[in-house]
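*Asks:* Attaching a single structure in structure tokens format; questions to follow.
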Amino acid sequence: MSAALERIEELLVQRATEGLDAVEAAALERLLREQPSVDAEALERAAAAVAVVNLPRGETLPALLRARIEAAALPIVAAAKTSAVALPEPRPTATLRPLRPRPALPWPWLAAAAALAVAAIGWWPSGPSLLPAAEQRAALLATGAQQLAWAATADPAAAGASGDVVWDPATQQGFMRFAALAVNEPTRFQYQLWIFDAARDERFPVDGGVFDIPAGVTEVLVPIRAKLPVSNAVLFAVTVEAPGGVVVSGRERIVLTAQLG
């Protein structure tokens, strides 16, 4: 499987289980335009159907969340019963082309992804939130999460860049906000977050996730996805890395930092 298809699958699983922020949604849309044979809605249909049918009736969900899940699932269930396919809302940049049969994604992979969707809902409120990124960030700030301003380095990609980091040690959740950080071409390089933990060797900071900055966006919110638990975050740093990120950064290009104290 090509790297592009693997990235599409990763983003589709994330969209069905956690949701995508603006940057990830833009990346998925671009990849789908490049891979028109991929059925992008197959995972969403399976995940929503399994989640609605198999969610234990004893679970208590917030009314707003339940309403959103039901509103999203009802059209899918109705379409499945009538074998009709609902066309997506037209997009300004979309180009009409003849419909063609699309290959189905492997069923074992699809079933596993759908099970993840059920688990994500069943773990509420400790599981991934289905709220938009801006609302999640605001909720973290309201509960007293740490907020640190970015400091730009002399790297050309950071010229004029600003924003902040919001991090909640209790839930291990957070967001990065960027303004004027240089747009990247994902096939050439990507940005990667590193979290320096006072309880760990500083040579090996925690990987906080790889991300892109799309063109035409004034402000970008990126969720922090720490690969390991962070006991005591003392420094956040964004580096420029090869596509897909690295396990250990050489730190040749550090563009932004945010330090506690």
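In the structure tokens, the first chain shown is A, the next is B, and so on; residue numbers restart at 1 for each chain, and ligands run from 1 in the order shown.
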Using only C-alpha atoms, what does the table of region 137-171 of chain A residues within 7 Å of region 236-257 of chain A look like, with each row giving the shortest atom pair and its distance in Å to one decimal, sorted by chain and ascending number, as CSV?
*Replies:*
```
residue,atom,partner,partner_atom,distance
A:Trp150,CA,A:Thr257,CA,5.5
A:Ala151,CA,A:Thr257,CA,5.3
A:Ala152,CA,A:Leu256,CA,4.7
A:Thr153,CA,A:Val255,CA,5.3
A:Asp155,CA,A:Val255,CA,5.6
A:Ala157,CA,A:Val255,CA,6.6
A:Ala158,CA,A:Val255,CA,5.3
```
*Asks:* Put those residues in a file: N, CA and C atoms, as a PDB file, in the first residue's frame.
*Replies:*
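Generated output (part_31.pdb):
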```
ATOM      1  N   TRP A 150       4.010  31.012  22.457  1.00  0.00           N
ATOM      2  CA  TRP A 150       5.135  30.575  21.638  1.00  0.00           C
ATOM      3  C   TRP A 150       6.174  31.688  21.538  1.00  0.00           C
ATOM      4  N   ALA A 151       7.439  31.317  21.541  1.00  0.00           N
ATOM      5  CA  ALA A 151       8.537  32.234  21.254  1.00  0.00           C
ATOM      6  C   ALA A 151       9.181  31.763  19.958  1.00  0.00           C
ATOM      7  N   ALA A 152       9.237  32.644  18.963  1.00  0.00           N
ATOM      8  CA  ALA A 152       9.790  32.277  17.660  1.00  0.00           C
ATOM      9  C   ALA A 152      11.316  32.302  17.697  1.00  0.00           C
ATOM     10  N   THR A 153      11.931  31.385  16.968  1.00  0.00           N
ATOM     11  CA  THR A 153      13.384  31.371  16.827  1.00  0.00           C
ATOM     12  C   THR A 153      13.758  32.162  15.567  1.00  0.00           C
ATOM     13  N   ASP A 155      14.654  30.829  12.847  1.00  0.00           N
ATOM     14  CA  ASP A 155      14.385  30.015  11.656  1.00  0.00           C
ATOM     15  C   ASP A 155      13.438  30.773  10.723  1.00  0.00           C
ATOM     16  N   ALA A 157      11.057  29.825   8.863  1.00  0.00           N
ATOM     17  CA  ALA A 157       9.669  29.375   8.928  1.00  0.00           C
ATOM     18  C   ALA A 157       8.910  30.033  10.066  1.00  0.00           C
ATOM     19  N   ALA A 158       9.624  30.561  11.061  1.00  0.00           N
ATOM     20  CA  ALA A 158       8.989  31.157  12.235  1.00  0.00           C
ATOM     21  C   ALA A 158       8.873  32.670  12.151  1.00  0.00           C
TER      22      ALA A 158
END
```
*Asks:* One decimal, in Å: what's the spacing between CA of Asp197 (chain A) and CA of Ala145 (chain A)?
*Replies:*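 CA of Ala145 (chain A) lies 16.6 Å from CA of Asp197 (chain A).
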*Asks:* When you count only C-alpha atoms, which of these residues is closest to Gln259 (chain A): A:Glu29, A:Glu18, A:Asp164, A:Glu34?
*Replies:*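 Closest residue, counting only C-alpha atoms: A:Asp164.
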*Asks:* To one decimal place in Å, what is the distance between CA of Val206 (chain A) and CA of Val230 (chain A)?
*Replies:*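 Pair CA of Val206 (chain A) / CA of Val230 (chain A) returns 7.4 Å.
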*Asks:* Could you name the residues that touch Leu28 (chain A) at 9 Å or less, counting only C-alpha atoms, but leaving out those on the same chain fewer than 2 positions away, as a list in words?
*Replies:*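 The filter keeps Arg7, Ile8, Leu11, Leu12, Val23, Glu24, Ala25, Ala26, Arg30, Leu31, Leu32 and Arg33 of chain A.
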*Asks:* Those same residues, written as a JSON list (two decimals), in the first residue's frame with N, CA and C atoms?
*Replies:*
```json
[["chain", "number", "residue", "atom", "x", "y", "z"],
["A", 7, "ARG", "N", -1.82, 7.04, 4.75],
["A", 7, "ARG", "CA", -2.16, 8.28, 5.45],
["A", 7, "ARG", "C", -3.66, 8.53, 5.39],
["A", 8, "ILE", "N", -4.29, 8.20, 4.23],
["A", 8, "ILE", "CA", -5.74, 8.35, 4.11],
["A", 8, "ILE", "C", -6.44, 7.47, 5.12],
["A", 11, "LEU", "N", -6.15, 8.94, 8.62],
["A", 11, "LEU", "CA", -7.01, 10.10, 8.82],
["A", 11, "LEU", "C", -8.48, 9.70, 8.87],
["A", 12, "LEU", "N", -8.88, 8.69, 8.08],
["A", 12, "LEU", "CA", -10.28, 8.24, 8.11],
["A", 12, "LEU", "C", -10.63, 7.61, 9.45],
["A", 23, "VAL", "N", -6.64, 21.52, 10.07],
["A", 23, "VAL", "CA", -5.44, 21.15, 9.32],
["A", 23, "VAL", "C", -5.56, 19.74, 8.79],
["A", 24, "GLU", "N", -5.98, 18.82, 9.65],
["A", 24, "GLU", "CA", -6.10, 17.42, 9.24],
["A", 24, "GLU", "C", -7.19, 17.24, 8.21],
["A", 25, "ALA", "N", -8.30, 17.97, 8.37],
["A", 25, "ALA", "CA", -9.39, 17.87, 7.40],
["A", 25, "ALA", "C", -8.92, 18.35, 6.02],
["A", 26, "ALA", "N", -8.13, 19.41, 6.00],
["A", 26, "ALA", "CA", -7.60, 19.92, 4.73],
["A", 26, "ALA", "C", -6.66, 18.91, 4.09],
["A", 30, "ARG", "N", -7.23, 16.97, 0.48],
["A", 30, "ARG", "CA", -6.23, 17.01, -0.60],
["A", 30, "ARG", "C", -5.85, 15.60, -1.05],
["A", 31, "LEU", "N", -5.66, 14.68, -0.07],
["A", 31, "LEU", "CA", -5.27, 13.32, -0.42],
["A", 31, "LEU", "C", -6.39, 12.60, -1.17],
["A", 32, "LEU", "N", -7.64, 12.87, -0.79],
["A", 32, "LEU", "CA", -8.76, 12.22, -1.46],
["A", 32, "LEU", "C", -8.90, 12.70, -2.90],
["A", 33, "ARG", "N", -8.57, 13.99, -3.13],
["A", 33, "ARG", "CA", -8.59, 14.48, -4.50],
["A", 33, "ARG", "C", -7.54, 13.77, -5.35]]
```
*Asks:* Counting only C-alpha atoms, what is within 7 Å of Ser162 (chain A), bar same-chain residues fewer than 6 positions away, as a PyMOL selection string?
*Replies:* chain A and resi 150+178-180
*Asks:* Report, in Å with one decimal, the straight-line distance from CA of Thr171 (chain A) to CA of Ala142 (chain A).
*Replies:*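 It comes out at 13.6 Å.
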